[in-house]
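Everything below belongs to entry-v5.pdb, which stores PDB, C-alpha atoms and all ligand atoms.
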```
ATOM      1  CA  MET A   1       0.000   0.000   0.000
ATOM      2  CA  PRO A   2       1.988   3.046  -1.184
ATOM      3  CA  TYR A   3      -0.356   5.613   0.413
ATOM      4  CA  SER A   4      -0.753   6.085   4.151
ATOM      5  CA  GLU A   5      -3.398   8.115   5.957
ATOM      6  CA  GLN A   6      -1.928  11.150   7.737
ATOM      7  CA  THR A   7      -3.492  13.804   9.944
ATOM      8  CA  VAL A   8      -3.644  17.532   9.234
ATOM      9  CA  GLN A   9      -1.870  19.346  12.076
ATOM     10  CA  SER A  10      -2.184  22.969  10.987
ATOM     11  CA  VAL A  11      -3.398  25.120   8.102
ATOM     12  CA  ARG A  12      -2.072  28.573   7.261
ATOM     13  CA  PRO A  13      -3.762  30.696   4.591
ATOM     14  CA  TRP A  14      -1.535  33.177   2.713
ATOM     15  CA  SER A  15      -4.004  34.594   0.192
ATOM     16  CA  ASP A  16      -7.328  33.520  -1.302
ATOM     17  CA  LYS A  17      -5.242  31.539  -3.810
ATOM     18  CA  THR A  18      -2.557  29.969  -1.611
ATOM     19  CA  PHE A  19      -2.216  28.224   1.744
ATOM     20  CA  SER A  20       0.220  26.010   3.625
ATOM     21  CA  PHE A  21      -0.528  23.019   5.815
ATOM     22  CA  THR A  22       1.335  20.476   7.899
ATOM     23  CA  LEU A  23       0.675  16.755   8.215
ATOM     24  CA  SER A  24       1.876  14.016  10.498
ATOM     25  CA  ARG A  25       4.861  12.225   8.922
ATOM     26  CA  PRO A  26       4.525   8.538   8.083
ATOM     27  CA  PRO A  27       6.963   6.308   9.979
ATOM     28  CA  ASP A  28      10.004   5.441   7.809
ATOM     29  CA  PHE A  29       9.163   8.243   5.357
ATOM     30  CA  ALA A  30      12.536   9.151   3.828
ATOM     31  CA  PHE A  31      13.198  12.009   1.409
ATOM     32  CA  GLU A  32      15.824  14.472   0.218
ATOM     33  CA  ASN A  33      15.208  18.164   0.831
ATOM     34  CA  GLY A  34      13.710  19.662  -2.356
ATOM     35  CA  GLU A  35      11.827  16.522  -3.439
ATOM     36  CA  PHE A  36       8.119  16.087  -4.122
ATOM     37  CA  VAL A  37       5.576  13.399  -3.256
ATOM     38  CA  THR A  38       2.014  12.697  -4.349
ATOM     39  CA  ILE A  39      -0.641  13.415  -1.756
ATOM     40  CA  GLY A  40      -4.388  13.247  -1.969
ATOM     41  CA  LEU A  41      -7.834  13.066  -0.499
ATOM     42  CA  LYS A  42     -10.217  10.110  -0.472
ATOM     43  CA  ARG A  43     -13.764  10.803  -1.521
ATOM     44  CA  GLU A  44     -16.298   7.962  -1.552
ATOM     45  CA  GLY A  45     -13.437   5.481  -1.337
ATOM     46  CA  LYS A  46     -11.605   6.935  -4.352
ATOM     47  CA  LEU A  47      -8.203   8.571  -3.971
ATOM     48  CA  LEU A  48      -7.495  11.763  -5.919
ATOM     49  CA  ALA A  49      -3.787  12.573  -5.671
ATOM     50  CA  ARG A  50      -1.432  15.221  -7.073
ATOM     51  CA  ALA A  51       2.307  15.975  -6.915
ATOM     52  CA  TYR A  52       3.415  18.334  -4.100
ATOM     53  CA  SER A  53       6.869  19.631  -3.231
ATOM     54  CA  ILE A  54       7.789  19.108   0.401
ATOM     55  CA  VAL A  55       8.436  22.436   2.118
ATOM     56  CA  SER A  56       9.693  20.963   5.393
ATOM     57  CA  THR A  57      13.163  19.514   5.834
ATOM     58  CA  ALA A  58      13.920  15.831   6.271
ATOM     59  CA  ASP A  59      14.960  16.320   9.912
ATOM     60  CA  ARG A  60      11.462  17.368  11.048
ATOM     61  CA  ASP A  61       8.779  15.046  12.388
ATOM     62  CA  HIS A  62       5.996  16.582  10.289
ATOM     63  CA  LEU A  63       5.502  17.245   6.566
ATOM     64  CA  GLU A  64       4.706  20.742   5.312
ATOM     65  CA  PHE A  65       3.272  21.776   1.946
ATOM     66  CA  LEU A  66       2.427  25.010   0.106
ATOM     67  CA  SER A  67      -0.672  24.755  -2.066
ATOM     68  CA  ILE A  68      -2.471  26.666  -4.745
ATOM     69  CA  HIS A  69      -6.254  26.853  -4.558
ATOM     70  CA  VAL A  70      -7.683  26.313  -8.048
ATOM     71  CA  PRO A  71     -11.414  27.046  -7.505
ATOM     72  CA  ASP A  72     -12.579  24.307  -9.902
ATOM     73  CA  GLY A  73      -9.501  22.088  -9.431
ATOM     74  CA  PRO A  74     -10.476  18.483  -8.670
ATOM     75  CA  LEU A  75      -8.102  18.219  -5.678
ATOM     76  CA  THR A  76      -7.520  21.750  -4.450
ATOM     77  CA  SER A  77     -11.184  22.817  -4.435
ATOM     78  CA  GLU A  78     -11.447  20.231  -1.601
ATOM     79  CA  LEU A  79      -7.945  20.543  -0.144
ATOM     80  CA  ALA A  80      -8.489  24.275   0.475
ATOM     81  CA  ARG A  81     -11.125  23.267   3.049
ATOM     82  CA  ILE A  82      -9.000  20.922   5.181
ATOM     83  CA  ARG A  83      -8.846  21.560   8.913
ATOM     84  CA  PRO A  84      -6.662  20.129  11.721
ATOM     85  CA  GLY A  85      -7.689  16.541  12.419
ATOM     86  CA  ASP A  86      -8.725  15.792   8.794
ATOM     87  CA  SER A  87      -7.013  13.031   6.808
ATOM     88  CA  VAL A  88      -4.658  13.456   3.828
ATOM     89  CA  TRP A  89      -3.107  10.459   2.055
ATOM     90  CA  VAL A  90       0.634  10.504   1.415
ATOM     91  CA  ASN A  91       2.552   8.278  -1.007
ATOM     92  CA  SER A  92       5.635   6.562   0.409
ATOM     93  CA  LYS A  93       7.756   7.320  -2.678
ATOM     94  CA  THR A  94       9.398  10.710  -3.141
ATOM     95  CA  THR A  95      11.330  12.003  -6.133
ATOM     96  CA  GLY A  96      12.469  15.218  -7.816
ATOM     97  CA  THR A  97      15.208  17.121  -9.573
ATOM     98  CA  LEU A  98      15.690  20.017  -7.153
ATOM     99  CA  THR A  99      17.893  18.451  -4.495
ATOM    100  CA  LEU A 100      21.443  19.503  -3.659
ATOM    101  CA  LYS A 101      22.593  16.375  -5.503
ATOM    102  CA  HIS A 102      21.227  17.819  -8.749
ATOM    103  CA  VAL A 103      23.812  20.591  -9.084
ATOM    104  CA  ARG A 104      27.532  20.589  -8.501
ATOM    105  CA  PRO A 105      28.806  22.721  -5.625
ATOM    106  CA  GLY A 106      29.771  26.229  -6.692
ATOM    107  CA  ARG A 107      30.053  29.935  -6.025
ATOM    108  CA  VAL A 108      26.480  31.287  -6.283
ATOM    109  CA  VAL A 109      23.322  29.169  -6.524
ATOM    110  CA  TYR A 110      20.373  30.975  -8.115
ATOM    111  CA  MET A 111      16.983  29.556  -7.111
ATOM    112  CA  LEU A 112      14.403  31.069  -9.451
ATOM    113  CA  SER A 113      10.733  30.458  -8.634
ATOM    114  CA  THR A 114       7.232  31.607  -9.439
ATOM    115  CA  GLY A 115       4.099  30.987  -7.349
ATOM    116  CA  THR A 116       4.061  27.661  -5.497
ATOM    117  CA  GLY A 117       7.393  26.867  -7.188
ATOM    118  CA  LEU A 118       8.845  28.448  -4.054
ATOM    119  CA  ALA A 119       8.048  25.281  -2.058
ATOM    120  CA  PRO A 120      11.150  23.123  -2.727
ATOM    121  CA  PHE A 121      13.430  26.116  -2.180
ATOM    122  CA  ILE A 122      12.022  26.744   1.296
ATOM    123  CA  SER A 123      13.161  23.229   2.166
ATOM    124  CA  LEU A 124      16.595  23.941   0.668
ATOM    125  CA  ILE A 125      17.161  27.318   2.351
ATOM    126  CA  ARG A 126      16.243  25.790   5.717
ATOM    127  CA  ASP A 127      19.003  23.200   5.218
ATOM    128  CA  PRO A 128      22.468  24.196   6.549
ATOM    129  CA  ALA A 129      23.990  21.973   3.819
ATOM    130  CA  LEU A 130      23.013  24.584   1.201
ATOM    131  CA  TYR A 131      25.313  27.151   2.783
ATOM    132  CA  ALA A 132      28.164  24.664   3.024
ATOM    133  CA  ARG A 133      27.923  23.858  -0.704
ATOM    134  CA  PHE A 134      27.643  27.418  -2.023
ATOM    135  CA  GLU A 135      29.291  30.702  -1.087
ATOM    136  CA  GLN A 136      26.082  32.631  -1.802
ATOM    137  CA  ALA A 137      22.453  31.649  -2.412
ATOM    138  CA  VAL A 138      19.923  33.814  -4.251
ATOM    139  CA  LEU A 139      16.215  33.035  -3.891
ATOM    140  CA  VAL A 140      13.884  34.836  -6.296
ATOM    141  CA  HIS A 141      10.124  34.495  -5.790
ATOM    142  CA  SER A 142       7.872  36.087  -8.414
ATOM    143  CA  VAL A 143       4.146  36.345  -7.776
ATOM    144  CA  ARG A 144       1.265  38.530  -8.929
ATOM    145  CA  THR A 145       0.123  39.974  -5.592
ATOM    146  CA  VAL A 146       1.910  40.815  -2.345
ATOM    147  CA  ALA A 147      -0.300  38.364  -0.400
ATOM    148  CA  GLU A 148       1.125  35.524  -2.485
ATOM    149  CA  LEU A 149       4.628  36.136  -1.089
ATOM    150  CA  ALA A 150       4.349  33.062   1.136
ATOM    151  CA  TYR A 151       7.041  32.574   3.813
ATOM    152  CA  ARG A 152       8.313  36.148   3.288
ATOM    153  CA  GLU A 153       8.723  36.890   7.009
ATOM    154  CA  GLU A 154      10.324  33.544   7.744
ATOM    155  CA  ILE A 155      12.827  33.950   4.916
ATOM    156  CA  GLU A 156      13.704  37.475   6.006
ATOM    157  CA  ALA A 157      14.121  36.259   9.603
ATOM    158  CA  LEU A 158      16.451  33.374   8.663
ATOM    159  CA  ASN A 159      19.396  35.641   9.265
ATOM    160  CA  ARG A 160      21.706  33.880   6.824
ATOM    161  CA  PRO A 161      24.255  36.407   5.517
ATOM    162  CA  GLN A 162      24.861  34.127   2.504
ATOM    163  CA  LEU A 163      21.170  34.211   1.460
ATOM    164  CA  HIS A 164      19.809  36.960  -0.807
ATOM    165  CA  TYR A 165      16.001  36.947  -0.975
ATOM    166  CA  VAL A 166      14.460  38.785  -3.936
ATOM    167  CA  PRO A 167      10.647  38.890  -3.874
ATOM    168  CA  THR A 168       9.051  40.361  -7.001
ATOM    169  CA  VAL A 169       5.379  41.281  -7.453
ATOM    170  CA  THR A 170       4.179  41.819 -11.005
ATOM    171  CA  ARG A 171       0.615  43.104 -10.606
ATOM    172  CA  GLU A 172       0.691  45.349  -7.546
ATOM    173  CA  THR A 173       2.768  48.245  -6.305
ATOM    174  CA  PHE A 174       6.026  46.790  -4.966
ATOM    175  CA  PRO A 175       9.699  47.827  -4.936
ATOM    176  CA  THR A 176      10.587  45.103  -7.474
ATOM    177  CA  ARG A 177       7.949  44.485 -10.150
ATOM    178  CA  GLU A 178       9.990  42.710 -12.856
ATOM    179  CA  ARG A 179       9.667  38.978 -13.439
ATOM    180  CA  GLY A 180      12.514  37.059 -11.794
ATOM    181  CA  ALA A 181      13.371  35.301 -15.067
ATOM    182  CA  ASP A 182      13.821  38.685 -16.794
ATOM    183  CA  LEU A 183      15.988  40.000 -13.960
ATOM    184  CA  PHE A 184      18.226  36.943 -14.230
ATOM    185  CA  ARG A 185      18.519  37.025 -18.026
ATOM    186  CA  SER A 186      19.302  40.723 -18.241
ATOM    187  CA  GLY A 187      22.069  40.394 -15.654
ATOM    188  CA  GLU A 188      20.216  42.927 -13.513
ATOM    189  CA  LEU A 189      19.706  40.421 -10.683
ATOM    190  CA  SER A 190      23.388  39.835  -9.951
ATOM    191  CA  ARG A 191      24.175  43.529 -10.590
ATOM    192  CA  ARG A 192      21.630  44.690  -8.021
ATOM    193  CA  LEU A 193      22.950  42.209  -5.457
ATOM    194  CA  GLY A 194      26.554  43.198  -6.084
ATOM    195  CA  LEU A 195      27.406  39.667  -7.257
ATOM    196  CA  PRO A 196      29.584  38.727 -10.228
ATOM    197  CA  ALA A 197      27.742  38.044 -13.502
ATOM    198  CA  PRO A 198      26.420  34.430 -13.543
ATOM    199  CA  ASP A 199      29.046  32.104 -14.965
ATOM    200  CA  PRO A 200      28.300  28.468 -15.916
ATOM    201  CA  GLU A 201      31.778  27.452 -14.789
ATOM    202  CA  ARG A 202      31.289  28.679 -11.247
ATOM    203  CA  ASP A 203      27.603  29.316 -10.556
ATOM    204  CA  ARG A 204      24.492  27.100 -10.499
ATOM    205  CA  VAL A 205      20.827  27.643 -11.341
ATOM    206  CA  MET A 206      17.753  25.855 -10.022
ATOM    207  CA  VAL A 207      14.348  26.672 -11.516
ATOM    208  CA  CYS A 208      10.850  25.837 -10.276
ATOM    209  CA  GLY A 209       8.062  27.779 -11.875
ATOM    210  CA  ASN A 210       5.114  27.793 -14.209
ATOM    211  CA  PRO A 211       5.674  25.719 -17.361
ATOM    212  CA  GLU A 212       6.200  28.748 -19.616
ATOM    213  CA  MET A 213       8.814  30.364 -17.360
ATOM    214  CA  THR A 214      10.588  27.034 -16.891
ATOM    215  CA  ARG A 215      10.674  26.406 -20.650
ATOM    216  CA  GLU A 216      11.837  29.943 -21.357
ATOM    217  CA  LEU A 217      14.691  29.802 -18.838
ATOM    218  CA  THR A 218      15.748  26.318 -19.940
ATOM    219  CA  ARG A 219      16.082  27.565 -23.506
ATOM    220  CA  TYR A 220      17.984  30.668 -22.403
ATOM    221  CA  LEU A 221      20.396  28.722 -20.189
ATOM    222  CA  LYS A 222      21.139  26.120 -22.875
ATOM    223  CA  ASP A 223      21.703  28.878 -25.430
ATOM    224  CA  THR A 224      24.168  30.653 -23.147
ATOM    225  CA  GLY A 225      26.428  27.723 -22.297
ATOM    226  CA  TRP A 226      24.786  26.093 -19.277
ATOM    227  CA  THR A 227      24.363  22.306 -19.032
ATOM    228  CA  PRO A 228      21.232  20.728 -17.563
ATOM    229  CA  THR A 229      21.436  17.886 -15.083
ATOM    230  CA  GLY A 230      20.087  14.759 -16.755
ATOM    231  CA  HIS A 231      20.904  11.193 -17.628
ATOM    232  CA  ARG A 232      24.328  12.341 -18.884
ATOM    233  CA  GLY A 233      25.254  13.553 -15.424
ATOM    234  CA  VAL A 234      25.089  16.420 -12.982
ATOM    235  CA  GLY A 235      25.294  19.780 -14.727
ATOM    236  CA  ASN A 236      25.164  23.372 -13.619
ATOM    237  CA  PHE A 237      21.417  23.854 -13.812
ATOM    238  CA  THR A 238      18.310  21.845 -12.942
ATOM    239  CA  THR A 239      14.608  22.544 -13.404
ATOM    240  CA  GLU A 240      11.214  21.253 -12.356
ATOM    241  CA  VAL A 241       7.803  22.535 -13.426
ATOM    242  CA  ALA A 242       5.711  23.759 -10.485
ATOM    243  CA  PHE A 243       2.585  22.326 -12.130
ATOM    244  CA  VAL A 244       1.443  20.922 -15.444
ATOM    245  CA  VAL A 245      -1.199  22.634 -17.537
ATOM    246  CA  ASN A 246      -4.245  20.480 -17.836
ATOM    247  CA  HIS A 247      -5.568  20.281 -21.388
ATOM    248  CA  GLU A 248      -8.667  18.214 -20.628
TER
HETATM  249  C1  LIG A 301       6.480  17.991  -9.910
HETATM  250  C2  LIG A 301       5.268  18.770  -9.459
HETATM  251  C3  LIG A 301       5.274  19.390  -8.203
HETATM  252  C4  LIG A 301       4.162  20.121  -7.775
HETATM  253  N1  LIG A 301       4.208  20.755  -6.557
HETATM  254  C5  LIG A 301       3.157  21.526  -6.164
HETATM  255  C6  LIG A 301       3.184  22.242  -4.928
HETATM  256  O1  LIG A 301       4.142  22.168  -4.158
HETATM  257  N2  LIG A 301       2.103  23.005  -4.603
HETATM  258  C7  LIG A 301       1.008  23.099  -5.437
HETATM  259  O2  LIG A 301       0.063  23.813  -5.099
HETATM  260  N3  LIG A 301       0.968  22.428  -6.602
HETATM  261  C8  LIG A 301       1.988  21.641  -6.974
HETATM  262  N4  LIG A 301       1.923  20.947  -8.162
HETATM  263  C9  LIG A 301       0.658  20.994  -8.911
HETATM  264  C10 LIG A 301      -0.315  19.974  -8.294
HETATM  265  O3  LIG A 301       0.132  18.671  -8.613
HETATM  266  C11 LIG A 301      -1.792  20.153  -8.761
HETATM  267  O4  LIG A 301      -1.827  20.465 -10.111
HETATM  268  C12 LIG A 301      -2.472  21.240  -7.968
HETATM  269  O5  LIG A 301      -2.559  20.830  -6.620
HETATM  270  C13 LIG A 301      -3.908  21.505  -8.459
HETATM  271  O6  LIG A 301      -4.632  20.306  -8.373
HETATM  272  P1  LIG A 301      -6.165  20.273  -8.818
HETATM  273  O7  LIG A 301      -6.601  18.858  -8.904
HETATM  274  O8  LIG A 301      -6.983  21.177  -7.943
HETATM  275  O9  LIG A 301      -6.168  20.924 -10.286
HETATM  276  P2  LIG A 301      -5.430  20.352 -11.585
HETATM  277  O10 LIG A 301      -6.444  19.705 -12.476
HETATM  278  O11 LIG A 301      -4.227  19.573 -11.217
HETATM  279  O12 LIG A 301      -4.949  21.710 -12.252
HETATM  280  C14 LIG A 301      -5.883  22.578 -12.888
HETATM  281  C15 LIG A 301      -5.141  23.763 -13.492
HETATM  282  O13 LIG A 301      -4.731  24.624 -12.442
HETATM  283  C16 LIG A 301      -3.483  25.211 -12.744
HETATM  284  N5  LIG A 301      -2.545  24.864 -11.640
HETATM  285  C17 LIG A 301      -2.341  23.641 -11.070
HETATM  286  N6  LIG A 301      -1.426  23.714 -10.092
HETATM  287  C18 LIG A 301      -1.027  25.007 -10.027
HETATM  288  C19 LIG A 301      -0.099  25.704  -9.214
HETATM  289  N7  LIG A 301       0.621  25.071  -8.262
HETATM  290  N8  LIG A 301       0.058  27.028  -9.418
HETATM  291  C20 LIG A 301      -0.655  27.683 -10.392
HETATM  292  N9  LIG A 301      -1.551  27.064 -11.180
HETATM  293  C21 LIG A 301      -1.745  25.749 -11.018
HETATM  294  C22 LIG A 301      -3.046  24.651 -14.097
HETATM  295  O14 LIG A 301      -3.415  25.572 -15.104
HETATM  296  C23 LIG A 301      -3.848  23.402 -14.245
HETATM  297  O15 LIG A 301      -4.098  23.111 -15.594
HETATM  298  C24 LIG A 301       3.014  20.209  -8.605
HETATM  299  C25 LIG A 301       3.009  19.556  -9.858
HETATM  300  C26 LIG A 301       4.129  18.866 -10.292
HETATM  301  C27 LIG A 301       4.076  18.201 -11.636
END
```
Kindly transcribe the structure held in the file into structure tokens.
Ligand SMILES: Cc1cc2nc3c(=O)[nH]c(=O)nc-3n(C[C@H](O)[C@H](O)[C@H](O)COP(=O)(O)OP(=O)(O)OC[C@H]3O[C@@H](n4cnc5c(N)ncnc54)[C@H](O)[C@@H]3O)c2cc1C
Amino acid sequence: MPYSEQTVQSVRPWSDKTFSFTLSRPPDFAFENGEFVTIGLKREGKLLARAYSIVSTADRDHLEFLSIHVPDGPLTSELARIRPGDSVWVNSKTTGTLTLKHVRPGRVVYMLSTGTGLAPFISLIRDPALYARFEQAVLVHSVRTVAELAYREEIEALNRPQLHYVPTVTRETFPTRERGADLFRSGELSRRLGLPAPDPERDRVMVCGNPEMTRELTRYLKDTGWTPTGHRGVGNFTTEVAFVVNHE
């Protein structure tokens, strides 16, 4: 039985479109920080499950997730209503391409995210191993509205001199309104942070965002001399889509 029944411990709304929640952790549930797992709800005996990045780190005794609320989404229209004590089903198998093993150590690691694509990077920035592997870490989170800047206070309070947090808000008044992908490509991101221009020999890039942004950045990186991690080995950039577009 790959799925086990777990209990909702807490729910934290961020905006009308996003919320976080924690679950009890199945015994023997092993994962690497940055991985995802499928979780779901049972309705009339049928399990409806979707992929979710794990926000919490592997050393904690609970599991934490950041979720979108798609009003007519089969899973999230229901998941948005969970309360402490409810059941959520968690697969025992985790996987993913955004772990520290997916990029070689280096000078600066750029973690570029949109929306709920922030989730795996919260796990990574909470992990002291990130700061041992890289001299500097840049976390960019691009969203449409300020309320969608989930975990903003926690990130700012981490007090890691090596971590540069760059929130960007595209549809409301905010100090930085550009898309993170554009800031990276133009070189403006590193310039503003006083970092050297990104260099495939020394720096690393991790991307988790909407399919269009992920595709766009993958193309840009390949065209400018970066090598993706894949079956040929560990490269200097790695990507994961934060969701797939449903064409039903
Ligand atoms: C590898 C992977 C990791 C994922 N991790 C997360 C995660 O950590 N948190 C999370 O909320 N979702 C995540 N997703 C998406 C998730 O699996 C579901 O798609 C989402 O929970 C919505 O489920 P649903 O059944 O309500 O709607 P679905 O039928 O799955 O989706 C309906 C539509 O909603 C849109 N949509 C779906 N998910 C998102 C999203 N996250 N942000 C913006 N628009 C979206 C798409 O246009 C999609 O076509 C991940 C997907 C993949 C492939």
Can you tell me which residues come within 7 Å of ligand LIG 301 (chain A) when counting all atoms listed in the file, ideally as an NGL selection string?
:A and (36 or 50-54 or 65-70 or 72-77 or 96 or 115-117 or 119 or 210 or 240-247)
May I ask for the distance between atom CA of A:Val166 and atom CA of A:Val140, given in Å to one decimal place?
4.6 Å
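Using all atoms listed in the file, the contacts of A:Asp127 at a cut-off of 12 Å, with sequence neighbours closer than 4 positions omitted, comprise Glu32, Asn33, Gly34, Val55, Ser56, Thr57, Ala58, Asp59, Arg60, Thr99, Leu100, Pro120, Phe121, Ile122, Ser123, Tyr131, Ala132, Arg133, Ala137, Leu158, Arg160 and Leu163 of chain A.
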Could you tell me which of A:Gly180, A:Pro161, A:Gly230, A:Gly235 comes closest to A:Arg202 if we count all atoms listed in the file?
A:Gly235
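Atom to atom, atom CA of A:Val205 and atom CA of A:His62 stand 28.5 Å apart.
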Neighbouring residues of A:Val108 were defined as those with any atom within 12 Å, considering only C-alpha atoms; residues of the same chain fewer than 5 positions away were excluded. Please report them as an MDAnalysis selection string.
chainID A and resid 103 130:139 162:164 190 193:206 236:237
For A:Tyr165, the nearest of the candidates A:Thr95, A:Thr229, A:Ser142, A:Thr7, counting all atoms listed in the file
A:Ser142
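Within the 9 Å cut-off around A:Glu5, using all atoms listed in the file and omitting residues fewer than 6 positions from it on the same chain, the listed residues are Pro26, Ser87, Val88, Trp89 and Val90 of chain A.
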Long-range neighbours of A:Thr114 as a ChimeraX atom specification, 7 Å cut-off, all atoms listed in the file, 4 positions minimum in chain
/A:118,141-143,208-210
Could you take the residues named above and write them with C-alpha atoms, as a PDB file, in the coordinates of the input?
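Saved to part_1.pdb:
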```pdb
ATOM      1  CA  LEU A 118       8.845  28.448  -4.054  1.00  0.00           C
ATOM      2  CA  HIS A 141      10.124  34.495  -5.790  1.00  0.00           C
ATOM      3  CA  SER A 142       7.872  36.087  -8.414  1.00  0.00           C
ATOM      4  CA  VAL A 143       4.146  36.345  -7.776  1.00  0.00           C
ATOM      5  CA  CYS A 208      10.850  25.837 -10.276  1.00  0.00           C
ATOM      6  CA  GLY A 209       8.062  27.779 -11.875  1.00  0.00           C
ATOM      7  CA  ASN A 210       5.114  27.793 -14.209  1.00  0.00           C
TER       8      ASN A 210
END
```
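A straight line drawn from atom CA of A:Trp14 to atom CA of A:Asp182 is 25.4 Å long.
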Once the PyMOL selection byres (((chain A and resi 216-219) around 9) and not hetatm) is applied to the coordinates I shared, what remains selected? I want it as an MDAnalysis selection string.
chainID A and resid 181 185 207 211:215 220:224 228 237:239
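The residue that comes closest to A:Arg12, out of A:Lys101, A:Ala150, A:Leu112, A:Phe29 and on the basis of all atoms listed in the file, is A:Ala150.
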